Structure formats: C-alpha cells, structure tokens
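Below is one structure; the comments refer to it alone.
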Amino acid sequence: MTGKKILDFILLGVMILATLAVTGLFYYTEKMYKRPPIDENAEKAALFSTVDAKAIPTFFKVEKMIVSLIPKNEAPNSRMRWLEIEIHLVLFESKDLETMKTYLPLVQDRIIDITSKMGPDELNSLSGKILLEDRLKREINHSLNRPVVKNIFFASFIVQ
C-alpha cells in the first residue's frame with residue numbers, strides 16, 4: 001500500500017469493483033446467458049451468398065473406365081496390359097456441366113484414344129501422368145471447340 005489512507009481506500013475500492021465485475025461477467029456467461037441455436041442451413045446460405053460463384057469449382061465425374069494398352073518395346077507375345085482409370089474434371093463454369101453430360105461419349109472416346117496410345121511404362125511414371133493430364137485437357141477442350149476443362153484429377157489410376 002502507499003501509506004496514504006484515502007489513496008489506499010480508492011485503490012482497494014477499484015480492485016473490489018474490478019473483482020465483482022469479472023465475477024459477475026463470469027456468472028452471467030456461464031449460468032444466465034444461453035446461446036441461440038445455430039441454424040446450419042441459414043449459415044450455409046449466408047456463406048454462399050458472400051462467396052463469388054466462380055470461386056467454387058464445378059466437378060464432373062467420369063465413371064471408372066478400363067482401357068487396353070498397347071505394349072511398346074515389348075515382345076509381341078507379351079501379356080495384355082490395361083489401365084483402370086476414374087477421372088474428375090474441373091470445369092471453368094458451372095453451366096458447362098450440362099455440356100459435359102451431353103458430350104460424355106465424346107469425352108470417353110478422347111480418354112480411350114489418348115490412353116491407348118501411351119505405353120504402360122509411360123503411364124506408370126509421374127511425367128507420363130502429367131503428360132496424360134495435359135493431353136486429355138487439350139483434346140477435350142479442342143473437341144468441344146472451347147475451353148471447358150480447367151483441370152483434371154485422377155480418382156483411380158491402376159496400370160496392370
């Protein structure tokens with residue numbers, strides 16, 4: 001304490017008031033205040049209303065396909081090789097989803113055509129997968145006469 005009675009009483013009073021205020025605030029938040037229930041649908045709608053629609057990518061899933069591979073630099077009597085692939089295409093715009101549904105057979109044909117021309121050893125390498133992704137993207141966009149596919153993700157990629 002400071003030794004001056006009035007100053008000591010003022011300091012003691014301020015500390016008691018601060019202690020009572022903190023205790024009251026704690027009691028109110030723990031015992032009396034009840035949080036309103038969270039409406040997940042309203043929160044989700046509010047989140048989507050603040051986000052630009054172009055920021056949320058649109059995906060199109062190409063179901064699992066099995067493609068025969070032509071073995072390169074192998075004996076003609078070697079065993080048959082194949083590729084099991086499942087692809088997710090990231091589209092530039094959400095309106096392209098209907099275009100992809102309409103032209104799915106064309107997209108599958110492009111996938112079969114491009115993958116069957118690559119060898120199993122080439123597809124097993126990382127550079128081969130990147131090359132395949134680039135070729136698929138380029139050919140699909142070229143076949144549809146405009147850029148539709150922004151990116152490609154392989155959900156399943158098995159070479160046997």
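Ordering of the structure tokens sets the chain letters (A, B, ...); residue numbers start at 1 within each chain; ligands are numbered from 1 in the order shown.
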
Could you find all residues in chain A that DSSP calls strand (DSSP E or B) from the backbone, and write them as a PDB file with C-alpha atoms, in the first residue's frame?
ATOM      1  CA  THR A  58     -17.624 -27.386 -60.569  1.00  0.00           C
ATOM      2  CA  PHE A  59     -16.620 -31.028 -60.900  1.00  0.00           C
ATOM      3  CA  PHE A  60     -17.736 -33.593 -63.425  1.00  0.00           C
ATOM      4  CA  LYS A  61     -17.046 -37.245 -62.674  1.00  0.00           C
ATOM      5  CA  VAL A  62     -16.190 -39.628 -65.491  1.00  0.00           C
ATOM      6  CA  GLU A  63     -17.004 -43.086 -64.179  1.00  0.00           C
ATOM      7  CA  LYS A  64     -14.403 -45.832 -64.000  1.00  0.00           C
ATOM      8  CA  MET A  65     -13.155 -46.971 -67.393  1.00  0.00           C
ATOM      9  CA  ILE A  66     -10.930 -49.866 -68.395  1.00  0.00           C
ATOM     10  CA  VAL A  67      -8.703 -49.240 -71.400  1.00  0.00           C
ATOM     11  CA  SER A  68      -6.475 -51.759 -73.191  1.00  0.00           C
ATOM     12  CA  LEU A  69      -2.900 -50.586 -73.558  1.00  0.00           C
ATOM     13  CA  ARG A  81      -1.879 -54.686 -70.301  1.00  0.00           C
ATOM     14  CA  TRP A  82      -4.740 -52.396 -69.306  1.00  0.00           C
ATOM     15  CA  LEU A  83      -5.476 -49.201 -67.447  1.00  0.00           C
ATOM     16  CA  GLU A  84      -8.311 -48.733 -64.975  1.00  0.00           C
ATOM     17  CA  ILE A  85      -8.996 -45.010 -64.644  1.00  0.00           C
ATOM     18  CA  GLU A  86     -11.554 -42.785 -62.933  1.00  0.00           C
ATOM     19  CA  ILE A  87     -11.359 -39.056 -63.610  1.00  0.00           C
ATOM     20  CA  HIS A  88     -12.816 -35.882 -62.114  1.00  0.00           C
ATOM     21  CA  LEU A  89     -12.856 -32.923 -64.479  1.00  0.00           C
ATOM     22  CA  VAL A  90     -12.787 -29.394 -63.036  1.00  0.00           C
ATOM     23  CA  LEU A  91     -14.866 -27.145 -65.270  1.00  0.00           C
ATOM     24  CA  VAL A 149     -11.974 -28.325 -68.691  1.00  0.00           C
ATOM     25  CA  LYS A 150      -9.734 -26.349 -66.357  1.00  0.00           C
ATOM     26  CA  ASN A 151      -8.047 -29.213 -64.525  1.00  0.00           C
ATOM     27  CA  ILE A 152      -8.116 -32.995 -64.247  1.00  0.00           C
ATOM     28  CA  PHE A 153      -7.885 -35.124 -61.107  1.00  0.00           C
ATOM     29  CA  PHE A 154      -7.344 -38.873 -61.194  1.00  0.00           C
ATOM     30  CA  ALA A 155      -9.512 -40.552 -58.552  1.00  0.00           C
ATOM     31  CA  SER A 156      -8.308 -44.018 -59.565  1.00  0.00           C
ATOM     32  CA  PHE A 157      -5.300 -44.881 -61.739  1.00  0.00           C
ATOM     33  CA  ILE A 158      -4.265 -48.523 -61.951  1.00  0.00           C
ATOM     34  CA  VAL A 159      -1.995 -49.957 -64.623  1.00  0.00           C
TER      35      VAL A 159
END

List the spatial neighbours of Thr102 in chain A as a tab-separated table (two decimals) with N, CA and C atoms, in the first residue's frame - criterion: any atom at most 12 Å away, only C-alpha atoms, same-chain residues fewer than 6 positions off excluded.
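The resulting file, around01.tsv, is reproduced below:
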chain	number	residue	atom	x	y	z
A	60	PHE	N	-16.98	-32.63	-62.64
A	60	PHE	CA	-17.74	-33.59	-63.43
A	60	PHE	C	-16.99	-34.92	-63.34
A	96	ASP	N	-21.18	-25.35	-67.81
A	96	ASP	CA	-20.56	-26.38	-68.66
A	96	ASP	C	-20.89	-27.79	-68.19
A	108	GLN	N	-15.34	-39.68	-73.28
A	108	GLN	CA	-14.85	-41.04	-73.05
A	108	GLN	C	-14.04	-41.53	-74.24
A	144	LEU	N	-14.53	-29.97	-77.95
A	144	LEU	CA	-15.73	-29.19	-77.62
A	144	LEU	C	-15.68	-27.78	-78.20

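For the atom pair formed by CA of Glu133 in chain A and CA of Lys95 in chain A, the distance is 22.5 Å, given to one decimal.
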
Exercise for review: From a DSSP pass on the backbone, collect the residues of chain A flagged as alpha helix (DSSP H) and hand them back as a PyMOL selection string.
Suggested key: chain A and resi 5-27+40-50+96-102+104-116+120-124+126-143

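Put simply, CA of Ser125 in chain A is 17.9 Å away from CA of Ile111 in chain A.
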
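In this model, the gap between CA of Leu132 in chain A and CA of Glu93 in chain A comes to 22.7 Å.
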
Exercise for review: Mind checking which residues fall within 12 Å of Glu122 in chain A, counting only C-alpha atoms, ignoring those fewer than 5 positions away in the same chain, and posting them as a ChimeraX atom specification?
Suggested key: /A:69-73,83,115-117,127-132,159

Selected residues written out with N, CA and C atoms, as a PDB file, in the first residue's frame:
ATOM      1  N   LEU A  69      -4.111 -51.317 -73.195  1.00  0.00           N
ATOM      2  CA  LEU A  69      -2.900 -50.586 -73.558  1.00  0.00           C
ATOM      3  C   LEU A  69      -2.085 -51.413 -74.547  1.00  0.00           C
ATOM      4  N   ILE A  70      -1.495 -50.744 -75.491  1.00  0.00           N
ATOM      5  CA  ILE A  70      -0.632 -51.412 -76.459  1.00  0.00           C
ATOM      6  C   ILE A  70       0.779 -51.390 -75.885  1.00  0.00           C
ATOM      7  N   PRO A  71       1.347 -52.560 -75.595  1.00  0.00           N
ATOM      8  CA  PRO A  71       2.694 -52.574 -75.035  1.00  0.00           C
ATOM      9  C   PRO A  71       3.708 -52.066 -76.053  1.00  0.00           C
ATOM     10  N   LYS A  72       4.532 -51.134 -75.639  1.00  0.00           N
ATOM     11  CA  LYS A  72       5.571 -50.593 -76.513  1.00  0.00           C
ATOM     12  C   LYS A  72       6.909 -51.210 -76.121  1.00  0.00           C
ATOM     13  N   ASN A  73       7.705 -51.488 -77.098  1.00  0.00           N
ATOM     14  CA  ASN A  73       9.052 -52.046 -76.910  1.00  0.00           C
ATOM     15  C   ASN A  73       9.019 -53.367 -76.149  1.00  0.00           C
ATOM     16  N   LEU A  83      -5.441 -50.326 -68.375  1.00  0.00           N
ATOM     17  CA  LEU A  83      -5.476 -49.201 -67.447  1.00  0.00           C
ATOM     18  C   LEU A  83      -6.896 -49.050 -66.927  1.00  0.00           C
ATOM     19  N   THR A 115      -5.248 -42.560 -74.015  1.00  0.00           N
ATOM     20  CA  THR A 115      -4.577 -43.503 -73.103  1.00  0.00           C
ATOM     21  C   THR A 115      -4.118 -44.766 -73.821  1.00  0.00           C
ATOM     22  N   SER A 116      -4.857 -45.209 -74.833  1.00  0.00           N
ATOM     23  CA  SER A 116      -4.460 -46.439 -75.522  1.00  0.00           C
ATOM     24  C   SER A 116      -3.206 -46.242 -76.365  1.00  0.00           C
ATOM     25  N   LYS A 117      -2.875 -45.011 -76.694  1.00  0.00           N
ATOM     26  CA  LYS A 117      -1.666 -44.736 -77.470  1.00  0.00           C
ATOM     27  C   LYS A 117      -0.423 -44.632 -76.594  1.00  0.00           C
ATOM     28  N   SER A 127       5.868 -38.327 -64.847  1.00  0.00           N
ATOM     29  CA  SER A 127       5.846 -37.468 -66.033  1.00  0.00           C
ATOM     30  C   SER A 127       4.809 -37.956 -67.036  1.00  0.00           C
ATOM     31  N   GLY A 128       4.595 -39.274 -67.117  1.00  0.00           N
ATOM     32  CA  GLY A 128       3.580 -39.816 -68.011  1.00  0.00           C
ATOM     33  C   GLY A 128       2.178 -39.415 -67.581  1.00  0.00           C
ATOM     34  N   LYS A 129       1.926 -39.389 -66.275  1.00  0.00           N
ATOM     35  CA  LYS A 129       0.609 -38.977 -65.776  1.00  0.00           C
ATOM     36  C   LYS A 129       0.367 -37.490 -66.043  1.00  0.00           C
ATOM     37  N   ILE A 130       1.409 -36.690 -65.869  1.00  0.00           N
ATOM     38  CA  ILE A 130       1.279 -35.258 -66.155  1.00  0.00           C
ATOM     39  C   ILE A 130       1.049 -35.045 -67.647  1.00  0.00           C
ATOM     40  N   LEU A 131       1.770 -35.803 -68.468  1.00  0.00           N
ATOM     41  CA  LEU A 131       1.597 -35.721 -69.921  1.00  0.00           C
ATOM     42  C   LEU A 131       0.188 -36.160 -70.317  1.00  0.00           C
ATOM     43  N   LEU A 132      -0.305 -37.228 -69.700  1.00  0.00           N
ATOM     44  CA  LEU A 132      -1.663 -37.701 -69.974  1.00  0.00           C
ATOM     45  C   LEU A 132      -2.685 -36.636 -69.590  1.00  0.00           C
ATOM     46  N   VAL A 159      -2.538 -49.340 -63.412  1.00  0.00           N
ATOM     47  CA  VAL A 159      -1.995 -49.957 -64.623  1.00  0.00           C
ATOM     48  C   VAL A 159      -1.661 -51.391 -64.275  1.00  0.00           C
TER      49      VAL A 159
END

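Remark: for Pro105 in chain A, the closest of the candidate residues A:Ser143, A:Leu123, A:Phe92, A:Thr23 is A:Ser143 (distances computed over only C-alpha atoms).
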
Check your understanding: Can you list, as a PyMOL selection string, every protein, DNA or RNA residue that comes within 12 Å of Leu12 in chain A when you count only C-alpha atoms, leaving out same-chain residues fewer than 6 positions away?
Key -> chain A and resi 1-2+5-6+18-19

Let me see the file: selected residues, C-alpha atoms, as a PDB file, in the first residue's frame.
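Printed below is selection06.pdb as written:
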ATOM      1  CA  MET A   1       0.000   0.000   0.000  1.00  0.00           C
ATOM      2  CA  THR A   2       1.007   3.603  -0.440  1.00  0.00           C
ATOM      3  CA  LYS A   5      -5.343   6.201   3.760  1.00  0.00           C
ATOM      4  CA  ILE A   6      -7.534   7.860   1.118  1.00  0.00           C
ATOM      5  CA  ALA A  18     -12.990  -4.982 -10.795  1.00  0.00           C
ATOM      6  CA  THR A  19     -13.213  -8.329  -8.983  1.00  0.00           C
TER       7      THR A  19
END

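Using only C-alpha atoms, the nearest neighbour of Pro57 in chain A within the list A:Met15, A:Leu97, A:Arg110, A:Leu136 is A:Leu97.
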